[in-house]
$ cat target33.json   # JSON, C-alpha atoms
[["chain", "number", "residue", "atom", "x", "y", "z"],
["U", 1, "MET", "CA", 13.61, -115.53, 167.72],
["U", 2, "LYS", "CA", 9.82, -115.33, 167.61],
["U", 3, "ILE", "CA", 8.41, -111.85, 166.97],
["U", 4, "ASP", "CA", 5.55, -110.65, 169.15],
["U", 5, "TRP", "CA", 3.68, -108.77, 166.41],
["U", 6, "ASP", "CA", 0.97, -107.56, 168.82],
["U", 7, "ARG", "CA", 3.30, -105.83, 171.27],
["U", 8, "ARG", "CA", 5.56, -104.64, 168.48],
["U", 9, "THR", "CA", 2.65, -102.85, 166.83],
["U", 10, "CYS", "CA", 1.34, -101.45, 170.13],
["U", 11, "ALA", "CA", 4.82, -100.09, 170.87],
["U", 12, "ARG", "CA", 4.78, -98.20, 167.56],
["U", 13, "ARG", "CA", 1.14, -97.14, 167.31],
["U", 14, "GLY", "CA", -0.16, -97.34, 170.86],
["U", 15, "HIS", "CA", -2.74, -99.55, 172.52],
["U", 16, "VAL", "CA", -6.42, -99.87, 171.55],
["U", 17, "THR", "CA", -8.94, -100.07, 174.41],
["U", 18, "TYR", "CA", -12.74, -100.28, 174.38],
["U", 19, "ALA", "CA", -15.45, -100.28, 177.08],
["U", 20, "PRO", "CA", -18.39, -102.51, 176.08],
["U", 21, "ASP", "CA", -21.88, -101.82, 177.43],
["U", 22, "ASP", "CA", -22.38, -105.45, 178.41],
["U", 23, "PRO", "CA", -21.31, -105.69, 182.10],
["U", 24, "ARG", "CA", -20.23, -109.33, 181.63],
["U", 25, "LEU", "CA", -17.62, -108.20, 179.10],
["U", 26, "ARG", "CA", -16.78, -104.89, 180.76],
["U", 27, "ILE", "CA", -15.66, -106.62, 183.97],
["U", 28, "ARG", "CA", -13.31, -108.85, 181.93],
["U", 29, "LEU", "CA", -11.68, -105.85, 180.22],
["U", 30, "HIS", "CA", -11.56, -103.44, 183.17],
["U", 31, "ALA", "CA", -9.82, -103.30, 186.53],
["U", 32, "ARG", "CA", -9.15, -100.76, 189.26],
["U", 33, "THR", "CA", -5.66, -100.10, 190.61],
["U", 34, "ALA", "CA", -4.09, -97.67, 193.07],
["U", 35, "LEU", "CA", -3.12, -95.49, 190.11],
["U", 36, "GLY", "CA", -6.59, -95.52, 188.56],
["U", 37, "ASP", "CA", -8.71, -97.50, 186.11],
["U", 38, "VAL", "CA", -7.00, -99.78, 183.60],
["U", 39, "TRP", "CA", -8.45, -101.27, 180.40],
["U", 40, "ARG", "CA", -7.26, -104.30, 178.49],
["U", 41, "CYS", "CA", -5.76, -103.62, 175.07],
["U", 42, "LEU", "CA", -7.70, -105.35, 172.31],
["U", 43, "ARG", "CA", -4.49, -106.04, 170.40],
["U", 44, "CYS", "CA", -1.84, -107.24, 172.87],
["U", 45, "GLY", "CA", -4.00, -108.02, 175.91],
["U", 46, "ASP", "CA", -2.03, -105.82, 178.33],
["U", 47, "PHE", "CA", -3.90, -103.57, 180.76],
["U", 48, "VAL", "CA", -3.46, -99.86, 180.01],
["U", 49, "LEU", "CA", -3.89, -97.01, 182.47],
["U", 50, "GLY", "CA", -6.40, -94.31, 181.51],
["U", 51, "GLU", "CA", -9.77, -93.87, 179.86],
["U", 52, "PRO", "CA", -10.79, -96.29, 177.07],
["U", 53, "HIS", "CA", -10.50, -95.08, 173.49],
["U", 54, "GLY", "CA", -14.13, -95.96, 172.79],
["U", 55, "SER", "CA", -17.28, -97.40, 174.30],
["U", 56, "GLY", "CA", -20.63, -98.82, 173.25],
["U", 57, "PRO", "CA", -22.12, -102.14, 172.14],
["U", 58, "ALA", "CA", -19.69, -105.03, 171.83],
["U", 59, "ALA", "CA", -20.65, -105.43, 168.17],
["U", 60, "ASP", "CA", -19.31, -101.91, 167.48],
["U", 61, "ALA", "CA", -15.88, -102.64, 168.96],
["U", 62, "PRO", "CA", -13.02, -101.98, 166.52],
["U", 63, "LEU", "CA", -11.72, -104.99, 164.64],
["U", 64, "VAL", "CA", -8.05, -104.86, 165.61],
["U", 65, "PRO", "CA", -5.55, -106.92, 163.56],
["U", 66, "ARG", "CA", -3.60, -109.29, 165.79],
["U", 67, "GLY", "CA", -0.99, -112.04, 165.56],
["U", 68, "THR", "CA", -0.59, -113.58, 162.13],
["U", 69, "VAL", "CA", -2.84, -110.90, 160.64],
["U", 70, "LEU", "CA", -0.27, -108.28, 161.64],
["U", 71, "ARG", "CA", 2.54, -110.42, 160.23],
["U", 72, "ASP", "CA", 0.66, -110.77, 156.94],
["U", 73, "LEU", "CA", 0.11, -107.01, 156.86],
["U", 74, "PHE", "CA", 3.86, -106.45, 157.31],
["U", 75, "VAL", "CA", 4.61, -108.79, 154.38],
["U", 76, "LEU", "CA", 1.98, -107.10, 152.19],
["U", 77, "ARG", "CA", 3.48, -103.69, 152.89],
["U", 78, "PHE", "CA", 6.94, -104.99, 152.04],
["U", 79, "LEU", "CA", 5.56, -106.19, 148.70],
["U", 80, "ALA", "CA", 3.79, -102.83, 148.28],
["U", 81, "VAL", "CA", 7.08, -100.95, 148.64],
["U", 82, "GLU", "CA", 8.76, -103.33, 146.18],
["U", 83, "ARG", "CA", 5.93, -102.81, 143.67],
["U", 84, "ALA", "CA", 6.07, -99.02, 144.11],
["U", 85, "VAL", "CA", 9.85, -98.91, 143.51],
["U", 86, "ARG", "CA", 9.52, -101.16, 140.48],
["U", 87, "GLY", "CA", 6.63, -99.08, 139.12],
["U", 88, "MET", "CA", 8.58, -95.82, 139.42],
["U", 89, "PHE", "CA", 11.60, -97.42, 137.72],
["U", 90, "ILE", "CA", 9.43, -98.62, 134.83],
["U", 91, "VAL", "CA", 7.99, -95.10, 134.49],
["U", 92, "LEU", "CA", 11.53, -93.74, 134.13],
["U", 93, "VAL", "CA", 12.32, -96.38, 131.50],
["U", 94, "ALA", "CA", 9.13, -95.51, 129.58],
["U", 95, "VAL", "CA", 10.03, -91.81, 129.63],
["U", 96, "ALA", "CA", 13.53, -92.65, 128.40],
["U", 97, "VAL", "CA", 12.12, -94.74, 125.53],
["U", 98, "TRP", "CA", 9.71, -91.92, 124.61],
["U", 99, "LYS", "CA", 12.49, -89.32, 124.57],
["U", 100, "PHE", "CA", 14.69, -91.69, 122.58],
["U", 101, "SER", "CA", 11.93, -92.13, 120.00],
["U", 102, "ASN", "CA", 11.77, -88.36, 119.46],
["U", 103, "SER", "CA", 15.54, -87.93, 119.00],
["U", 104, "GLN", "CA", 16.59, -91.29, 117.64],
["U", 105, "ASP", "CA", 19.02, -89.97, 115.00],
["U", 106, "ALA", "CA", 20.77, -87.61, 117.42],
["U", 107, "VAL", "CA", 21.20, -90.38, 119.99],
["U", 108, "ARG", "CA", 22.53, -92.72, 117.28],
["U", 109, "ARG", "CA", 25.18, -90.19, 116.23],
["U", 110, "LEU", "CA", 26.18, -89.54, 119.85],
["U", 111, "PHE", "CA", 26.40, -93.28, 120.53],
["U", 112, "ASP", "CA", 28.57, -93.86, 117.45],
["U", 113, "GLU", "CA", 30.91, -91.01, 118.49],
["U", 114, "TYR", "CA", 31.39, -92.44, 121.97],
["U", 115, "LEU", "CA", 31.80, -95.93, 120.51],
["U", 116, "ASP", "CA", 34.66, -94.69, 118.31],
["U", 117, "VAL", "CA", 36.31, -93.11, 121.36],
["U", 118, "PHE", "CA", 36.04, -96.16, 123.64],
["U", 119, "ARG", "CA", 36.73, -98.83, 121.01],
["U", 120, "PRO", "CA", 40.57, -98.54, 121.23],
["U", 121, "VAL", "CA", 40.42, -98.45, 125.04],
["U", 122, "PHE", "CA", 38.44, -101.68, 125.26],
["U", 123, "ARG", "CA", 40.59, -103.25, 122.53],
["U", 124, "HIS", "CA", 43.62, -102.61, 124.75],
["U", 125, "PHE", "CA", 41.95, -104.82, 127.38],
["U", 126, "HIS", "CA", 41.19, -107.46, 124.74],
["U", 127, "HIS", "CA", 37.46, -106.71, 124.58],
["U", 128, "ASP", "CA", 35.80, -106.20, 121.21],
["U", 129, "LEU", "CA", 32.96, -103.70, 121.57],
["U", 130, "ASP", "CA", 31.68, -104.48, 118.06],
["U", 131, "HIS", "CA", 30.75, -107.98, 119.24],
["U", 132, "SER", "CA", 29.43, -106.94, 122.66],
["U", 133, "PRO", "CA", 25.84, -108.12, 123.40],
["U", 134, "VAL", "CA", 25.05, -104.79, 125.06],
["U", 135, "VAL", "CA", 26.31, -102.75, 122.10],
["U", 136, "GLY", "CA", 24.46, -105.08, 119.74],
["U", 137, "SER", "CA", 21.20, -104.59, 121.65],
["U", 138, "VAL", "CA", 21.58, -100.80, 121.56],
["U", 139, "GLN", "CA", 22.36, -100.79, 117.83],
["U", 140, "LYS", "CA", 19.34, -103.05, 117.25],
["U", 141, "ALA", "CA", 17.15, -100.54, 119.10],
["U", 142, "PHE", "CA", 18.22, -97.84, 116.64],
["U", 143, "GLY", "CA", 16.53, -99.86, 113.91],
["U", 144, "TYR", "CA", 13.09, -99.71, 115.55],
["U", 145, "ARG", "CA", 10.53, -97.40, 113.99],
["U", 146, "HIS", "CA", 9.24, -94.36, 115.85],
["U", 147, "SER", "CA", 5.73, -95.88, 116.13],
["U", 148, "THR", "CA", 7.15, -99.10, 117.58],
["U", 149, "LEU", "CA", 9.07, -97.20, 120.26],
["U", 150, "LEU", "CA", 5.96, -95.21, 121.15],
["U", 151, "LEU", "CA", 4.02, -98.47, 121.51],
["U", 152, "VAL", "CA", 6.75, -99.86, 123.79],
["U", 153, "ALA", "CA", 6.66, -96.69, 125.91],
["U", 154, "GLY", "CA", 2.86, -96.94, 126.19],
["U", 155, "LEU", "CA", 3.00, -100.60, 127.23],
["U", 156, "LEU", "CA", 5.65, -99.82, 129.81],
["U", 157, "LEU", "CA", 3.51, -97.03, 131.26],
["U", 158, "ALA", "CA", 0.51, -99.38, 131.43],
["U", 159, "TYR", "CA", 2.63, -101.97, 133.23],
["U", 160, "ALA", "CA", 3.95, -99.33, 135.64],
["U", 161, "LEU", "CA", 0.38, -98.20, 136.36],
["U", 162, "ILE", "CA", -0.59, -101.77, 137.27],
["U", 163, "GLU", "CA", 2.42, -101.99, 139.60],
["U", 164, "LEU", "CA", 1.56, -98.70, 141.33],
["U", 165, "ILE", "CA", -2.11, -99.68, 141.72],
["U", 166, "GLU", "CA", -0.96, -102.97, 143.26],
["U", 167, "ALA", "CA", 1.32, -101.05, 145.63],
["U", 168, "VAL", "CA", -1.48, -98.81, 146.91],
["U", 169, "GLY", "CA", -3.94, -101.69, 147.28],
["U", 170, "LEU", "CA", -1.43, -103.95, 149.05],
["U", 171, "TRP", "CA", -0.42, -101.17, 151.45],
["U", 172, "TYR", "CA", -4.03, -100.88, 152.60],
["U", 173, "ALA", "CA", -4.52, -104.68, 152.50],
["U", 174, "LYS", "CA", -7.35, -104.54, 149.94],
["U", 175, "ARG", "CA", -8.56, -107.96, 148.81],
["U", 176, "TRP", "CA", -8.94, -106.83, 145.17],
["U", 177, "ALA", "CA", -5.26, -105.82, 145.20],
["U", 178, "GLU", "CA", -4.28, -109.29, 146.40],
["U", 179, "TYR", "CA", -6.16, -110.86, 143.48],
["U", 180, "LEU", "CA", -4.62, -108.33, 141.06],
["U", 181, "THR", "CA", -1.12, -109.00, 142.39],
["U", 182, "VAL", "CA", -1.45, -112.78, 142.09],
["U", 183, "VAL", "CA", -2.94, -112.65, 138.56],
["U", 184, "ALA", "CA", -0.57, -109.98, 137.21],
["U", 185, "THR", "CA", 2.53, -111.53, 138.76],
["U", 186, "ALA", "CA", 1.66, -115.06, 137.64],
["U", 187, "ALA", "CA", 1.00, -113.80, 134.11],
["U", 188, "PHE", "CA", 4.59, -112.55, 133.78],
["U", 189, "LEU", "CA", 6.25, -115.65, 135.26],
["U", 190, "PRO", "CA", 6.53, -117.46, 131.88],
["U", 191, "LEU", "CA", 8.25, -114.37, 130.42],
["U", 192, "GLU", "CA", 10.71, -114.22, 133.32],
["U", 193, "ILE", "CA", 11.48, -117.94, 132.90],
["U", 194, "TYR", "CA", 12.03, -117.40, 129.15],
["U", 195, "GLU", "CA", 14.43, -114.53, 129.87],
["U", 196, "LEU", "CA", 16.48, -116.86, 132.06],
["U", 197, "THR", "CA", 16.86, -119.24, 129.12],
["U", 198, "GLU", "CA", 18.27, -116.34, 127.09],
["U", 199, "HIS", "CA", 20.61, -114.94, 129.74],
["U", 200, "ILE", "CA", 21.04, -115.97, 133.37],
["U", 201, "SER", "CA", 21.77, -113.34, 136.03],
["U", 202, "TRP", "CA", 21.44, -113.28, 139.80],
["U", 203, "LEU", "CA", 19.03, -110.33, 139.57],
["U", 204, "LYS", "CA", 16.69, -112.24, 137.23],
["U", 205, "ILE", "CA", 16.84, -115.33, 139.45],
["U", 206, "ALA", "CA", 16.14, -113.30, 142.59],
["U", 207, "THR", "CA", 13.22, -111.51, 140.89],
["U", 208, "LEU", "CA", 11.71, -114.79, 139.70],
["U", 209, "VAL", "CA", 12.01, -116.42, 143.13],
["U", 210, "LEU", "CA", 10.53, -113.36, 144.85],
["U", 211, "ASN", "CA", 7.56, -113.29, 142.47],
["U", 212, "ILE", "CA", 6.88, -117.02, 142.85],
["U", 213, "LEU", "CA", 7.00, -116.73, 146.65],
["U", 214, "ALA", "CA", 4.72, -113.67, 146.54],
["U", 215, "VAL", "CA", 2.12, -115.51, 144.43],
["U", 216, "LEU", "CA", 2.13, -118.58, 146.70],
["U", 217, "TYR", "CA", 2.17, -116.58, 149.94],
["U", 218, "ILE", "CA", -0.71, -114.25, 149.04],
["U", 219, "ALA", "CA", -2.85, -116.95, 147.42],
["U", 220, "LEU", "CA", -2.49, -119.32, 150.38],
["U", 221, "THR", "CA", -2.51, -116.96, 153.37],
["U", 222, "LYS", "CA", -5.36, -114.84, 151.98],
["U", 223, "ARG", "CA", -7.27, -117.92, 150.80],
["U", 224, "LEU", "CA", -7.77, -116.59, 147.28],
["U", 225, "PHE", "CA", -9.56, -118.50, 144.51],
["U", 226, "GLY", "CA", -11.26, -120.75, 147.08],
["U", 227, "LEU", "CA", -7.98, -122.06, 148.51],
["U", 228, "ARG", "CA", -8.04, -123.24, 152.15],
["U", 229, "GLY", "CA", -11.73, -122.52, 152.55],
["U", 230, "GLY", "CA", -11.88, -119.35, 150.47],
["U", 231, "ARG", "CA", -13.34, -116.02, 151.50],
["U", 232, "ARG", "CA", -15.62, -117.50, 154.19],
["U", 233, "LYS", "CA", -12.70, -118.92, 156.16],
["U", 234, "PHE", "CA", -10.73, -115.72, 155.56],
["U", 235, "GLU", "CA", -13.49, -113.59, 157.09],
["U", 236, "GLU", "CA", -13.78, -115.97, 160.04],
["U", 237, "GLU", "CA", -10.04, -115.65, 160.60],
["U", 238, "ARG", "CA", -10.26, -111.87, 160.54],
["U", 239, "HIS", "CA", -13.05, -111.75, 163.09],
["U", 240, "SER", "CA", -11.35, -114.25, 165.38],
["U", 241, "ALA", "CA", -8.35, -111.88, 165.47],
["U", 242, "SER", "CA", -10.32, -109.40, 167.62],
["U", 243, "LEU", "CA", -9.79, -109.97, 171.33],
["U", 244, "MET", "CA", -13.16, -108.32, 171.98],
["U", 245, "GLU", "CA", -14.90, -111.08, 170.02],
["U", 246, "VAL", "CA", -12.92, -113.70, 171.88],
["U", 247, "GLU", "CA", -14.11, -112.18, 175.17],
["U", 248, "GLU", "CA", -17.68, -111.96, 173.89],
["U", 249, "SER", "CA", -17.63, -115.62, 172.87],
["U", 250, "ALA", "CA", -16.33, -116.57, 176.31],
["U", 251, "GLY", "CA", -19.17, -114.58, 177.94],
["U", 252, "VAL", "CA", -21.81, -116.26, 175.83],
["U", 253, "VAL", "CA", -20.41, -119.70, 176.63],
["U", 254, "SER", "CA", -20.35, -118.91, 180.32],
["U", 255, "ALA", "CA", -23.96, -117.68, 180.22],
["U", 256, "SER", "CA", -25.11, -120.79, 178.39],
["U", 257, "LEU", "CA", -23.57, -122.99, 181.08]]
$ encode --input "target33.json" --output "structure tokens"
Amino acid sequence: MKIDWDRRTCARRGHVTYAPDDPRLRIRLHARTALGDVWRCLRCGDFVLGEPHGSGPAADAPLVPRGTVLRDLFVLRFLAVERAVRGMFIVLVAVAVWKFSNSQDAVRRLFDEYLDVFRPVFRHFHHDLDHSPVVGSVQKAFGYRHSTLLLVAGLLLAYALIELIEAVGLWYAKRWAEYLTVVATAAFLPLEIYELTEHISWLKIATLVLNILAVLYIALTKRLFGLRGGRRKFEEERHSASLMEVEESAGVVSASL
């Protein structure tokens, strides 16, 4: 079922109306009814009862996102939420690594005590904890030096900061955030592919697919790096999304005829 992004957004945020000074455009956006004056919404095109939200020269009319622009904004905000959740999770991991680095010996002793307790239980179910990959990874972490763990915590915090900056920029549809997201995400794709060669899991596969789709979607729809006409075509697409500019173009064409 096709989604009417214009009416969906107007239903949530309300209509946007504008009264241009140019009488040729004003008459196209305004009508009188038995209930009073109505003005055409710049987003969905429906006529709305009441006073316009603004007035003045047509060039000063608000640039209202419409159609595919609204759909793209929805996708960007979905990616922004995903980046924000991932960033907060990485922050928690970095804090855990930092705390572990400051109490490494105490954590090692506690881990060994619990391992001794659970070893017979798992052996009863024919599972050898001493040869478990998870246990081996934890025991390997105990061998890392304090400075190494601090470096890992710092790198994780830097990565989390990038994710959170991406989230804020994508939420507000900033073009610099789109470039940052594409570059940062693409840079980690080889690492994600390498991790799949080490151990395959549905979570890793889903994350890799999501990141590849995000890179392709943003780069193509936002015309980054000169793709599909680059920034010039992107700006033209943005301006054509305003119904006011469509009406203004129609008025100019009519006048020239």
$ residues_around --input "target33.json" --residues "Ala167 of chain U" --least-positions-apart "5" --cutoff "8 Å" --atoms "all atoms listed in the file" --output "list of chain:residue names"
U:Leu79, U:Ala80, U:Val81, U:Glu82, U:Arg83, U:Ala84
$ closest_atom_pairs --input "target33.json" --of "segment 37-132 of chain U" --to "segment 216-225 of chain U" --cutoff "10 Å" --atoms "all atoms listed in the file" --output "tab-separated table"
residue	atom	partner	partner_atom	distance
U:Thr68	CA	U:Thr221	CA	9.6
U:Val69	CA	U:Thr221	CA	9.5
U:Asp72	CA	U:Thr221	CA	7.8
U:Val75	CA	U:Tyr217	CA	9.3
U:Leu76	CA	U:Ile218	CA	8.3
$ atom_distance --input "target33.json" --atom1 "atom CA of Asp22 of chain U" --atom2 "atom CA of Arg7 of chain U"
26.7 Å
$ closest_atom_pairs --input "target33.json" --of "segment 153-234 of chain U" --to "segment 87-111 of chain U" --cutoff "9 Å" --atoms "all atoms listed in the file" --output "Markdown table"
| residue | atom | partner | partner_atom | distance |
| --- | --- | --- | --- | --- |
| U:Ala153 | CA | U:Ala94 | CA | 4.6 |
| U:Gly154 | CA | U:Ala94 | CA | 7.3 |
| U:Leu155 | CA | U:Ala94 | CA | 8.3 |
| U:Leu156 | CA | U:Ala94 | CA | 5.5 |
| U:Leu157 | CA | U:Val91 | CA | 5.9 |
| U:Tyr159 | CA | U:Gly87 | CA | 7.7 |
| U:Ala160 | CA | U:Gly87 | CA | 4.4 |
| U:Leu161 | CA | U:Gly87 | CA | 6.9 |
| U:Ile162 | CA | U:Gly87 | CA | 7.9 |
| U:Glu163 | CA | U:Gly87 | CA | 5.1 |
| U:Leu164 | CA | U:Gly87 | CA | 5.5 |
| U:Ala167 | CA | U:Gly87 | CA | 8.6 |
$ closest_residue --input "target33.json" --among "U:Gly67, U:Arg123, U:Ile193, U:Phe78" --to "Trp171 of chain U" --atoms "all atoms listed in the file"
U:Phe78
$ closest_residue --input "target33.json" --among "U:Leu208, U:Thr17, U:His53, U:Ile165" --to "Arg40 of chain U" --atoms "all atoms listed in the file"
U:Thr17
$ atom_distance --input "target33.json" --atom1 "atom CA of Trp39 of chain U" --atom2 "atom CA of Ser55 of chain U"
11.4 Å
$ residues_around --input "target33.json" --residues "Arg8 of chain U" --least-positions-apart "5" --cutoff "12 Å" --atoms "only C-alpha atoms" --output "ChimeraX atom specification"
/U:2-3,13-15,43-44,66-67,70-71,74
$ atom_distance --input "target33.json" --atom1 "atom CA of Pro65 of chain U" --atom2 "atom CA of Asp4 of chain U"
13.0 Å
$ residues_around --input "target33.json" --residues "segment 175-185 of chain U" --least-positions-apart "3" --cutoff "7 Å" --atoms "all atoms listed in the file" --output "JSON, numbers by chain"
{"U": [166, 169, 170, 188, 189, 211, 215, 218, 219]}
$ write_last_selection --input "target33.json" --atoms "C-alpha atoms" --output "mmCIF file, in the coordinates of the input"
data_model
loop_
_atom_site.group_PDB
_atom_site.id
_atom_site.type_symbol
_atom_site.label_atom_id
_atom_site.label_comp_id
_atom_site.auth_asym_id
_atom_site.auth_seq_id
_atom_site.Cartn_x
_atom_site.Cartn_y
_atom_site.Cartn_z
ATOM 1 C CA GLU U 166 -0.960 -102.970 143.260
ATOM 2 C CA GLY U 169 -3.940 -101.690 147.280
ATOM 3 C CA LEU U 170 -1.430 -103.950 149.050
ATOM 4 C CA PHE U 188 4.590 -112.550 133.780
ATOM 5 C CA LEU U 189 6.250 -115.650 135.260
ATOM 6 C CA ASN U 211 7.560 -113.290 142.470
ATOM 7 C CA VAL U 215 2.120 -115.510 144.430
ATOM 8 C CA ILE U 218 -0.710 -114.250 149.040
ATOM 9 C CA ALA U 219 -2.850 -116.950 147.420
#
$ closest_residue --input "target33.json" --among "U:Arg77, U:Cys41, U:Pro190, U:Lys204" --to "Val168 of chain U" --atoms "all atoms listed in the file"
U:Arg77
$ closest_residue --input "target33.json" --among "U:Gly229, U:Arg24, U:Leu42, U:Ile212" --to "Leu63 of chain U" --atoms "only C-alpha atoms"
U:Leu42
$ closest_residue --input "target33.json" --among "U:Lys174, U:Leu25, U:Trp5, U:Val85" --to "Ala59 of chain U" --atoms "all atoms listed in the file"
U:Leu25
